$ cat target_38.cif   # mmCIF, C-alpha atoms (C1' of nucleotides)
data_target
loop_
_atom_site.label_atom_id
_atom_site.label_comp_id
_atom_site.auth_asym_id
_atom_site.auth_seq_id
_atom_site.Cartn_x
_atom_site.Cartn_y
_atom_site.Cartn_z
CA MET F 1 11.47 -8.12 14.56
CA SER F 2 8.14 -9.79 14.72
CA THR F 3 5.15 -7.80 15.76
CA ILE F 4 5.32 -8.28 19.28
CA THR F 5 7.52 -11.21 19.79
CA PRO F 6 10.81 -9.84 20.99
CA GLU F 7 14.19 -10.62 19.74
CA PRO F 8 15.92 -12.29 22.63
CA LYS F 9 17.58 -9.20 24.01
CA SER F 10 14.53 -7.01 23.88
CA ALA F 11 12.31 -8.56 26.52
CA PRO F 12 14.17 -7.70 29.66
CA GLU F 13 11.46 -5.94 31.58
CA GLY F 14 9.51 -8.96 32.68
CA VAL F 15 6.91 -8.63 29.98
CA GLN F 16 5.29 -11.91 29.20
CA PRO F 17 5.90 -12.45 25.48
CA LEU F 18 3.03 -13.51 23.29
CA SER F 19 2.42 -17.10 22.32
CA PRO F 20 2.22 -17.79 18.58
CA ASP F 21 -1.56 -17.95 18.77
CA GLU F 22 -1.74 -14.69 20.62
CA GLU F 23 0.69 -13.13 18.22
CA ALA F 24 -1.39 -14.15 15.22
CA LEU F 25 -4.52 -12.88 16.86
CA VAL F 26 -3.01 -9.54 17.75
CA ARG F 27 -1.70 -9.06 14.25
CA THR F 28 -5.18 -9.57 12.90
CA LEU F 29 -6.66 -7.39 15.58
CA ASN F 30 -4.48 -4.54 14.43
CA ARG F 31 -5.88 -4.81 10.96
CA VAL F 32 -9.47 -5.16 12.09
CA ILE F 33 -9.28 -2.24 14.46
CA TYR F 34 -8.38 0.10 11.67
CA ALA F 35 -10.29 -1.44 8.81
CA LEU F 36 -13.62 -2.37 10.32
CA PRO F 37 -14.81 0.95 11.73
CA ARG F 38 -13.88 2.71 8.52
CA ALA F 39 -15.57 0.08 6.39
CA LEU F 40 -18.78 0.24 8.38
CA ASP F 41 -18.81 4.00 8.44
CA ALA F 42 -18.02 4.30 4.76
CA TYR F 43 -20.84 1.91 3.98
CA MET F 44 -23.35 3.90 6.03
CA VAL F 45 -22.25 7.16 4.49
CA ARG F 46 -22.36 5.82 0.97
CA GLU F 47 -25.73 4.12 1.30
CA GLN F 48 -27.51 6.41 3.71
CA ARG F 49 -25.49 9.57 4.01
CA LEU F 50 -25.54 8.89 7.75
CA PRO F 51 -22.23 8.34 9.55
CA SER F 52 -22.09 5.50 12.07
CA ILE F 53 -21.71 7.87 14.97
CA ASP F 54 -24.90 9.70 14.01
CA TYR F 55 -26.75 6.41 13.69
CA LEU F 56 -25.51 5.30 17.07
CA THR F 57 -26.58 8.56 18.65
CA LEU F 58 -30.08 8.37 17.24
CA MET F 59 -30.28 4.74 18.26
CA HIS F 60 -29.38 5.36 21.87
CA LEU F 61 -31.83 8.21 22.09
CA SER F 62 -34.60 6.07 20.62
CA GLU F 63 -34.08 3.52 23.36
CA ALA F 64 -34.04 5.97 26.24
CA PRO F 65 -37.10 6.79 28.31
CA GLU F 66 -38.95 9.66 26.66
CA ARG F 67 -36.42 9.32 23.90
CA GLN F 68 -34.09 11.67 25.67
CA LEU F 69 -30.73 11.55 27.38
CA ARG F 70 -28.36 13.87 29.17
CA MET F 71 -25.37 14.85 27.10
CA SER F 72 -22.99 13.02 29.37
CA GLU F 73 -25.02 9.81 29.31
CA LEU F 74 -25.24 9.97 25.56
CA ALA F 75 -21.51 10.52 25.31
CA SER F 76 -20.68 7.51 27.38
CA ALA F 77 -23.22 5.36 25.57
CA CYS F 78 -21.52 6.30 22.31
CA GLU F 79 -18.03 5.88 23.75
CA MET F 80 -17.24 9.42 22.78
CA SER F 81 -15.83 12.45 24.55
CA LEU F 82 -18.28 14.99 25.87
CA SER F 83 -16.99 17.64 23.54
CA GLY F 84 -17.26 15.31 20.60
CA MET F 85 -20.82 14.52 21.60
CA THR F 86 -21.65 18.21 21.81
CA ARG F 87 -20.65 18.67 18.20
CA VAL F 88 -22.48 15.59 16.96
CA VAL F 89 -25.67 16.74 18.67
CA GLN F 90 -25.25 20.26 17.30
CA LYS F 91 -25.10 18.80 13.82
CA LEU F 92 -28.09 16.52 14.36
CA GLU F 93 -30.01 19.45 15.80
CA GLY F 94 -29.27 21.44 12.68
CA GLN F 95 -30.72 18.59 10.65
CA GLY F 96 -33.83 18.53 12.80
CA PHE F 97 -33.26 15.05 14.17
CA VAL F 98 -32.63 16.10 17.73
CA GLN F 99 -33.78 18.91 19.94
CA ARG F 100 -32.10 20.21 23.06
CA VAL F 101 -33.95 21.09 26.21
CA ARG F 102 -32.75 22.27 29.58
CA CYS F 103 -32.69 19.54 32.16
CA GLU F 104 -35.48 19.95 34.74
CA GLU F 105 -33.66 18.74 37.81
CA ASP F 106 -30.34 20.35 37.08
CA ALA F 107 -30.13 23.61 35.21
CA ARG F 108 -26.55 22.94 34.23
CA GLY F 109 -27.58 19.99 32.15
CA TRP F 110 -29.11 19.55 28.73
CA ASN F 111 -31.22 16.75 27.39
CA ALA F 112 -30.96 15.68 23.80
CA VAL F 113 -34.42 14.65 22.61
CA LEU F 114 -35.07 12.58 19.52
CA THR F 115 -37.59 14.27 17.24
CA ASP F 116 -40.09 12.44 15.08
CA ALA F 117 -37.96 13.26 12.09
CA GLY F 118 -34.99 11.75 13.89
CA PHE F 119 -36.93 8.61 14.64
CA ALA F 120 -38.02 8.33 11.04
CA ARG F 121 -34.44 8.78 9.92
CA LEU F 122 -33.39 5.98 12.20
CA GLU F 123 -36.03 3.65 10.81
CA GLU F 124 -34.96 4.52 7.33
CA ALA F 125 -31.31 3.78 8.06
CA TRP F 126 -31.87 0.66 10.08
CA PRO F 127 -31.79 -1.92 7.29
CA THR F 128 -28.56 -0.50 5.97
CA GLN F 129 -26.97 -0.73 9.36
CA VAL F 130 -28.00 -4.37 9.70
CA ALA F 131 -26.70 -5.12 6.23
CA ALA F 132 -23.40 -3.41 6.99
CA VAL F 133 -22.92 -5.34 10.18
CA ARG F 134 -23.82 -8.65 8.58
CA ARG F 135 -21.66 -8.13 5.60
CA HIS F 136 -18.58 -6.80 7.33
CA PHE F 137 -18.75 -8.71 10.57
CA LEU F 138 -21.34 -11.35 11.37
CA ASP F 139 -21.01 -13.20 8.10
CA HIS F 140 -17.40 -13.99 8.91
CA LEU F 141 -18.06 -15.48 12.30
CA ALA F 142 -19.42 -18.82 11.20
CA GLY F 143 -18.67 -21.56 13.68
CA LEU F 144 -17.89 -19.30 16.59
CA ASP F 145 -19.72 -19.30 19.87
CA LEU F 146 -21.46 -15.95 19.63
CA LYS F 147 -22.55 -15.91 23.24
CA ALA F 148 -19.02 -16.48 24.47
CA LEU F 149 -17.63 -13.93 22.08
CA ALA F 150 -20.17 -11.34 23.11
CA LYS F 151 -19.29 -11.89 26.73
CA ALA F 152 -15.59 -11.54 26.01
CA LEU F 153 -16.06 -8.36 24.02
CA GLU F 154 -18.24 -7.02 26.78
CA ASN F 155 -15.26 -7.24 29.07
CA VAL F 156 -12.98 -5.73 26.50
CA ALA F 157 -15.26 -2.74 26.23
CA THR F 158 -14.96 -1.93 29.90
CA MET P 1 -36.50 0.77 19.10
CA SER P 2 -33.90 -1.80 19.82
CA THR P 3 -30.55 -1.42 18.23
CA ILE P 4 -31.08 -3.30 15.23
CA THR P 5 -34.11 -5.35 15.85
CA PRO P 6 -36.88 -3.65 13.97
CA GLU P 7 -40.24 -2.74 15.19
CA PRO P 8 -42.57 -4.83 13.09
CA LYS P 9 -43.27 -2.23 10.47
CA SER P 10 -39.70 -1.26 9.90
CA ALA P 11 -38.28 -4.38 8.29
CA PRO P 12 -40.02 -4.41 5.00
CA GLU P 13 -37.03 -4.54 2.71
CA GLY P 14 -36.18 -8.20 3.07
CA VAL P 15 -33.42 -7.57 5.52
CA GLN P 16 -32.82 -10.56 7.71
CA PRO P 17 -33.30 -9.26 11.26
CA LEU P 18 -30.73 -10.11 13.89
CA SER P 19 -31.15 -12.96 16.31
CA PRO P 20 -30.92 -12.04 20.00
CA ASP P 21 -27.38 -13.42 20.14
CA GLU P 22 -26.35 -11.45 17.10
CA GLU P 23 -28.03 -8.38 18.47
CA ALA P 24 -26.15 -8.62 21.74
CA LEU P 25 -22.89 -9.17 19.93
CA VAL P 26 -23.39 -6.22 17.62
CA ARG P 27 -24.23 -3.96 20.48
CA THR P 28 -20.98 -4.86 22.14
CA LEU P 29 -19.11 -4.59 18.89
CA ASN P 30 -20.25 -1.01 18.57
CA ARG P 31 -18.74 -0.19 21.92
CA VAL P 32 -15.51 -2.07 21.28
CA ILE P 33 -14.96 -0.54 17.89
CA TYR P 34 -14.92 2.93 19.36
CA ALA P 35 -13.36 2.24 22.73
CA LEU P 36 -10.59 -0.21 22.00
CA PRO P 37 -8.55 1.65 19.40
CA ARG P 38 -8.71 4.80 21.47
CA ALA P 39 -7.74 2.96 24.64
CA LEU P 40 -4.77 1.28 23.02
CA ASP P 41 -3.60 4.45 21.38
CA ALA P 42 -4.02 6.51 24.53
CA TYR P 43 -2.03 3.94 26.46
CA MET P 44 0.82 4.02 23.96
CA VAL P 45 0.88 7.78 23.89
CA ARG P 46 0.80 8.08 27.65
CA GLU P 47 3.47 5.47 28.33
CA GLN P 48 5.70 5.87 25.31
CA ARG P 49 4.71 9.05 23.56
CA LEU P 50 4.32 6.88 20.47
CA PRO P 51 0.89 6.66 18.83
CA SER P 52 -0.29 3.21 17.72
CA ILE P 53 -0.10 4.13 14.08
CA ASP P 54 3.54 5.12 14.43
CA TYR P 55 4.31 1.90 16.23
CA LEU P 56 2.60 -0.11 13.55
CA THR P 57 4.51 1.69 10.84
CA LEU P 58 7.87 1.05 12.46
CA MET P 59 6.88 -2.55 13.07
CA HIS P 60 5.97 -3.27 9.49
CA LEU P 61 9.17 -1.69 8.27
CA SER P 62 11.22 -3.72 10.71
CA GLU P 63 9.78 -6.91 9.28
CA ALA P 64 10.29 -6.04 5.64
CA PRO P 65 13.32 -7.14 3.65
CA GLU P 66 16.07 -4.55 4.07
CA ARG P 67 13.74 -2.87 6.52
CA GLN P 68 12.16 -0.90 3.74
CA LEU P 69 8.81 -0.74 2.00
CA ARG P 70 7.16 1.21 -0.78
CA MET P 71 4.73 3.83 0.46
CA SER P 72 1.77 2.02 -1.00
CA GLU P 73 2.71 -1.29 0.55
CA LEU P 74 3.22 0.35 3.89
CA ALA P 75 -0.13 2.07 3.60
CA SER P 76 -1.99 -1.13 2.94
CA ALA P 77 -0.12 -2.97 5.68
CA CYS P 78 -1.23 -0.27 8.10
CA GLU P 79 -4.78 -0.18 6.71
CA MET P 80 -4.36 3.50 6.03
CA SER P 81 -4.87 5.73 3.03
CA LEU P 82 -1.85 6.62 0.99
CA SER P 83 -2.14 10.27 1.89
CA GLY P 84 -2.39 9.45 5.56
CA MET P 85 0.68 7.28 5.25
CA THR P 86 2.58 10.09 3.57
CA ARG P 87 2.04 12.30 6.57
CA VAL P 88 2.89 9.64 9.12
CA VAL P 89 6.15 8.93 7.32
CA GLN P 90 6.93 12.63 7.05
CA LYS P 91 6.56 12.91 10.78
CA LEU P 92 8.66 9.83 11.48
CA GLU P 93 11.28 11.12 9.09
CA GLY P 94 11.42 14.38 11.02
CA GLN P 95 12.04 12.36 14.15
CA GLY P 96 14.83 10.45 12.47
CA PHE P 97 13.11 7.07 12.66
CA VAL P 98 12.73 6.53 8.94
CA GLN P 99 14.45 7.77 5.83
CA ARG P 100 13.05 8.05 2.35
CA VAL P 101 14.91 6.92 -0.71
CA ARG P 102 13.91 6.87 -4.34
CA CYS P 103 12.86 3.45 -5.52
CA GLU P 104 15.48 1.89 -7.81
CA GLU P 105 13.17 0.12 -10.21
CA ASP P 106 10.54 2.81 -10.46
CA ALA P 107 11.42 6.45 -10.20
CA ARG P 108 7.87 7.36 -9.26
CA GLY P 109 8.11 5.40 -6.06
CA TRP P 110 9.66 6.02 -2.68
CA ASN P 111 10.87 3.55 -0.14
CA ALA P 112 10.54 4.23 3.53
CA VAL P 113 13.57 2.80 5.30
CA LEU P 114 13.74 2.14 9.00
CA THR P 115 16.80 3.79 10.55
CA ASP P 116 18.77 2.37 13.46
CA ALA P 117 17.18 4.99 15.65
CA GLY P 118 13.79 3.85 14.44
CA PHE P 119 14.59 0.26 15.23
CA ALA P 120 15.79 1.22 18.68
CA ARG P 121 12.59 3.17 19.24
CA LEU P 122 10.59 0.13 18.29
CA GLU P 123 12.48 -2.07 20.70
CA GLU P 124 11.95 0.47 23.41
CA ALA P 125 8.22 0.63 22.79
CA TRP P 126 7.65 -3.04 22.32
CA PRO P 127 6.98 -4.05 25.92
CA THR P 128 4.43 -1.29 26.27
CA GLN P 129 2.62 -2.45 23.18
CA VAL P 130 2.48 -6.00 24.49
CA ALA P 131 1.24 -4.79 27.83
CA ALA P 132 -1.43 -2.66 26.17
CA VAL P 133 -2.68 -5.50 24.07
CA ARG P 134 -2.73 -7.90 26.97
CA ARG P 135 -4.44 -5.54 29.30
CA HIS P 136 -7.05 -4.22 26.95
CA PHE P 137 -7.70 -7.26 24.84
CA LEU P 138 -6.10 -10.65 25.40
CA ASP P 139 -6.74 -10.74 29.11
CA HIS P 140 -10.47 -10.67 28.47
CA LEU P 141 -10.53 -13.58 26.09
CA ALA P 142 -10.16 -16.40 28.59
CA GLY P 143 -11.90 -19.53 27.45
CA LEU P 144 -12.14 -18.60 23.81
CA ASP P 145 -10.61 -20.55 20.98
CA LEU P 146 -7.93 -18.11 19.91
CA LYS P 147 -7.13 -19.92 16.70
CA ALA P 148 -10.75 -19.87 15.59
CA LEU P 149 -11.14 -16.26 16.57
CA ALA P 150 -7.99 -15.26 14.72
CA LYS P 151 -9.24 -16.98 11.62
CA ALA P 152 -12.62 -15.27 11.86
CA LEU P 153 -11.07 -11.86 12.34
CA GLU P 154 -8.77 -12.54 9.44
CA ASN P 155 -11.85 -12.82 7.24
CA VAL P 156 -13.37 -9.72 8.79
CA ALA P 157 -10.26 -7.75 7.93
CA THR P 158 -10.54 -8.54 4.26
"C1'" DC E 1 -25.95 34.13 52.68
"C1'" DA E 2 -21.03 34.72 51.04
"C1'" DT E 3 -17.33 31.94 49.62
"C1'" DC E 4 -15.22 28.12 47.48
"C1'" DC E 5 -14.94 23.86 45.24
"C1'" DT E 6 -17.22 20.76 41.97
"C1'" DT E 7 -19.82 19.43 38.03
"C1'" DG E 8 -22.09 19.72 33.21
"C1'" DC E 9 -21.45 21.33 29.12
"C1'" DT E 10 -19.48 24.36 25.32
"C1'" DT E 11 -15.82 26.52 22.80
"C1'" DG E 12 -11.09 27.37 20.89
"C1'" DA E 13 -7.00 25.48 19.34
"C1'" DC E 14 -4.93 21.73 17.43
"C1'" DG E 15 -3.81 17.19 15.30
"C1'" DT E 16 -5.34 13.55 12.20
"C1'" DC E 17 -7.55 11.40 8.27
"C1'" DG E 18 -9.54 10.85 3.75
"C1'" DC E 19 -10.92 12.53 -0.75
"C1'" DA E 20 -10.04 14.97 -4.82
"C1'" DA E 21 -6.92 17.47 -7.48
"C1'" DC E 22 -2.26 17.76 -8.99
"C1'" DT E 23 2.65 16.42 -10.47
"C1'" DA E 24 5.83 13.27 -12.22
"C1'" DT E 25 7.13 9.05 -14.15
"C1'" DA E 26 6.05 4.58 -16.56
"C1'" DG E 27 4.42 1.98 -20.18
"C1'" DA E 28 1.56 1.14 -24.41
"C1'" DC E 29 0.56 2.22 -29.04
"C1'" DC E 30 1.28 4.13 -33.47
"C1'" DG T 1 10.24 8.90 -30.58
"C1'" DG T 2 5.65 11.42 -29.73
"C1'" DT T 3 1.35 10.93 -27.72
"C1'" DC T 4 -1.93 9.01 -24.53
"C1'" DT T 5 -3.32 6.62 -20.59
"C1'" DA T 6 -2.27 4.55 -16.07
"C1'" DT T 7 0.13 4.56 -11.74
"C1'" DA T 8 2.93 6.42 -7.38
"C1'" DG T 9 2.91 9.71 -4.35
"C1'" DT T 10 1.99 14.52 -2.38
"C1'" DT T 11 -0.77 18.44 -1.17
"C1'" DG T 12 -5.03 21.45 -0.33
"C1'" DC T 13 -8.91 21.22 2.03
"C1'" DG T 14 -12.84 20.01 4.81
"C1'" DA T 15 -14.72 16.97 8.44
"C1'" DC T 16 -14.13 15.24 12.78
"C1'" DG T 17 -12.22 14.16 17.47
"C1'" DT T 18 -9.62 15.33 21.67
"C1'" DC T 19 -7.74 18.18 25.25
"C1'" DA T 20 -7.64 22.23 27.92
"C1'" DA T 21 -9.77 26.41 29.17
"C1'" DG T 22 -13.95 28.83 30.07
"C1'" DC T 23 -18.64 29.58 31.86
"C1'" DA T 24 -22.67 28.80 34.44
"C1'" DA T 25 -25.08 26.42 38.04
"C1'" DG T 26 -25.03 23.26 42.12
"C1'" DG T 27 -23.77 22.24 46.72
"C1'" DA T 28 -20.99 22.32 50.98
"C1'" DT T 29 -19.10 25.09 54.70
"C1'" DG T 30 -18.61 28.77 57.91
#
$ encode --input "target_38.cif" --output "structure tokens"
Amino acid sequence: MSTITPEPKSAPEGVQPLSPDEEALVRTLNRVIYALPRALDAYMVREQRLPSIDYLTLMHLSEAPERQLRMSELASACEMSLSGMTRVVQKLEGQGFVQRVRCEEDARGWNAVLTDAGFARLEEAWPTQVAAVRRHFLDHLAGLDLKALAKALENVAT
Amino acid sequence: MSTITPEPKSAPEGVQPLSPDEEALVRTLNRVIYALPRALDAYMVREQRLPSIDYLTLMHLSEAPERQLRMSELASACEMSLSGMTRVVQKLEGQGFVQRVRCEEDARGWNAVLTDAGFARLEEAWPTQVAAVRRHFLDHLAGLDLKALAKALENVAT
DNA sequence: CATCCTTGCTTGACGTCGCAACTATAGACC
DNA sequence: GGTCTATAGTTGCGACGTCAAGCAAGGATG
């Protein structure tokens, strides 16, 4: 059985089978989806001792007004569950990169605030992140229309 | 601080900063990398009670000669560590979808063999997998050169 | 202002994954 | 053929991520 292309009898439910081009693309996607995140994360950990998710968290905080964000906003920016975000922020707090303060307008909420140490850590890690992304991703995209691809991926992400 | 674009002082190490197009693409990539695998897997689990990694394992076995593969080959096909693969196969074996037999030529090795039940399970799950991939990925790629993209991702995966 | 539902976040329990350590077999060398 | 190293695979363990349950505060309703 090919990946996705059915044997004749197995596509009875009105599913539109994949064209050969689609099939090839999906096959590759399956590899990329597993390999790429691990490669990027491993690179960041090896070079900077800073997992991708931590980097992303610090990054989003650094871009927010007052360098702070509600837990739920941070979670959705990082595409992570709220509980997962809680634990990431707890860890970063323990490392002194983030502080947590009660939200003014809503006493149920917490704001994660980037500390100066956290900002410095982000600056330190930045070149490694760029290198990782170039090496594992951008460098392989020669000849593609980056604008179009970005737009497409934007839709995929939603 | 923008994602990846440095503030002036923070790019001293000869790292080539990202162009705006690259920057936008990388931002989106970060979201896709986290969201897409989880979305696909969640869809498969919800609709078929079959995690993506299990599907992929059954699929690769179904395509192999005699429907069997050495553990290490299976692991690299699935972009997974050998130990991770061991546990996936143990689980699938418990469900009766694969069997393990000693490798003829090399008594250190094991072959994972797809059972008839496993093949049937794969056929059952196939339309859901296609639907998931269409819905979460292919449908958003209108207007892109699929061949070129596939080739690019092929390089990324390596 | 008492009640009830909702929302924001944390915690507990659980499953998954990878690394490092371990076992068993293969193969090379003498 | 005994020893020594390399390879295939499994297992112990720690890190991490999700879901479901819990808790505390908001907000609507009478």
$ resolve_selection --input "target_38.cif" --expression "the PyMOL selection byres ((chain F) within 9 of (chain E))" --output "NGL selection string"
:F and (71-72 or 82-83 or 86 or 108-110)
$ atom_distance --input "target_38.cif" --atom1 "CA of Met44 (chain P)" --atom2 "CA of Thr28 (chain P)"
23.6 Å
$ resolve_selection --input "target_38.cif" --expression "the PyMOL selection byres ((chain F and resi 40) around 12)" --output "PyMOL selection string"
(chain F and resi 32-39+41-48+50-53+55+128-137) or (chain P and resi 29-30+33-34+156-157)
$ resolve_selection --input "target_38.cif" --expression "the PyMOL selection byres ((chain F) within 9 of (chain T))" --output "CSV table (one decimal) with C-alpha atoms, in the frame of the given file"
chain,number,residue,atom,x,y,z
F,80,MET,CA,-17.2,9.4,22.8
F,81,SER,CA,-15.8,12.4,24.6
F,83,SER,CA,-17.0,17.6,23.5
F,84,GLY,CA,-17.3,15.3,20.6
F,106,ASP,CA,-30.3,20.4,37.1
F,107,ALA,CA,-30.1,23.6,35.2
F,108,ARG,CA,-26.6,22.9,34.2
$ atom_distance --input "target_38.cif" --atom1 "CA of Asp116 (chain F)" --atom2 "CA of Val88 (chain F)"
18.0 Å
$ axis_aligned_box --input "target_38.cif" --around "region 45-63 of chain F" --padding-each-side "4 Å" --output "lines of an AutoDock Vina configuration file"
center_x = -28.2
center_y = 6.6
center_z = 12.2
size_x = 20.9
size_y = 14.2
size_z = 30.4
$ atom_distance --input "target_38.cif" --atom1 "CA of Gly14 (chain P)" --atom2 "CA of Ala152 (chain P)"
26.1 Å
$ closest_residue --input "target_38.cif" --among "P:Ser62, P:Ser76, P:Asn111, P:Gln99" --to "chain F" --atoms "all atoms listed in the file"
P:Ser62
$ closest_residue --input "target_38.cif" --among "F:Gly118, F:Gln95, F:Arg49, F:Glu63" --to "chain P" --atoms "all atoms listed in the file"
F:Glu63
$ decode --input "target_38.cif" --residues "chain T" --atoms "C-alpha atoms (C1' of nucleotides)" --output "PDB file, in the first residue's frame"
ATOM      1  C1'  DG T   1      39.232 -20.791  18.897  1.00  0.00           C
ATOM      2  C1'  DG T   2      39.897 -16.859  22.397  1.00  0.00           C
ATOM      3  C1'  DT T   3      39.800 -12.108  22.856  1.00  0.00           C
ATOM      4  C1'  DC T   4      38.434  -7.493  21.623  1.00  0.00           C
ATOM      5  C1'  DT T   5      35.717  -4.167  19.451  1.00  0.00           C
ATOM      6  C1'  DA T   6      31.481  -2.837  16.984  1.00  0.00           C
ATOM      7  C1'  DT T   7      26.603  -3.206  16.227  1.00  0.00           C
ATOM      8  C1'  DA T   8      21.284  -4.280  17.159  1.00  0.00           C
ATOM      9  C1'  DG T   9      18.071  -3.676  20.215  1.00  0.00           C
ATOM     10  C1'  DT T  10      15.965  -3.008  25.003  1.00  0.00           C
ATOM     11  C1'  DT T  11      15.392  -0.833  29.414  1.00  0.00           C
ATOM     12  C1'  DG T  12      15.863   2.710  33.305  1.00  0.00           C
ATOM     13  C1'  DC T  13      15.251   7.170  33.900  1.00  0.00           C
ATOM     14  C1'  DG T  14      14.415  12.052  33.530  1.00  0.00           C
ATOM     15  C1'  DA T  15      12.260  15.815  30.860  1.00  0.00           C
ATOM     16  C1'  DC T  16       8.318  17.409  28.844  1.00  0.00           C
ATOM     17  C1'  DG T  17       3.452  17.849  27.123  1.00  0.00           C
ATOM     18  C1'  DT T  18      -1.545  17.020  27.445  1.00  0.00           C
ATOM     19  C1'  DC T  19      -5.934  16.250  29.586  1.00  0.00           C
ATOM     20  C1'  DA T  20      -8.965  16.452  33.375  1.00  0.00           C
ATOM     21  C1'  DA T  21      -9.854  18.030  37.876  1.00  0.00           C
ATOM     22  C1'  DG T  22      -9.390  21.633  41.173  1.00  0.00           C
ATOM     23  C1'  DC T  23      -9.303  26.395  42.937  1.00  0.00           C
ATOM     24  C1'  DA T  24      -9.985  31.192  43.024  1.00  0.00           C
ATOM     25  C1'  DA T  25     -11.990  35.292  41.122  1.00  0.00           C
ATOM     26  C1'  DG T  26     -15.290  37.548  37.856  1.00  0.00           C
ATOM     27  C1'  DG T  27     -19.826  38.514  36.353  1.00  0.00           C
ATOM     28  C1'  DA T  28     -24.797  37.768  35.565  1.00  0.00           C
ATOM     29  C1'  DT T  29     -29.307  37.062  37.631  1.00  0.00           C
ATOM     30  C1'  DG T  30     -32.934  37.201  40.934  1.00  0.00           C
TER      31       DG T  30
END
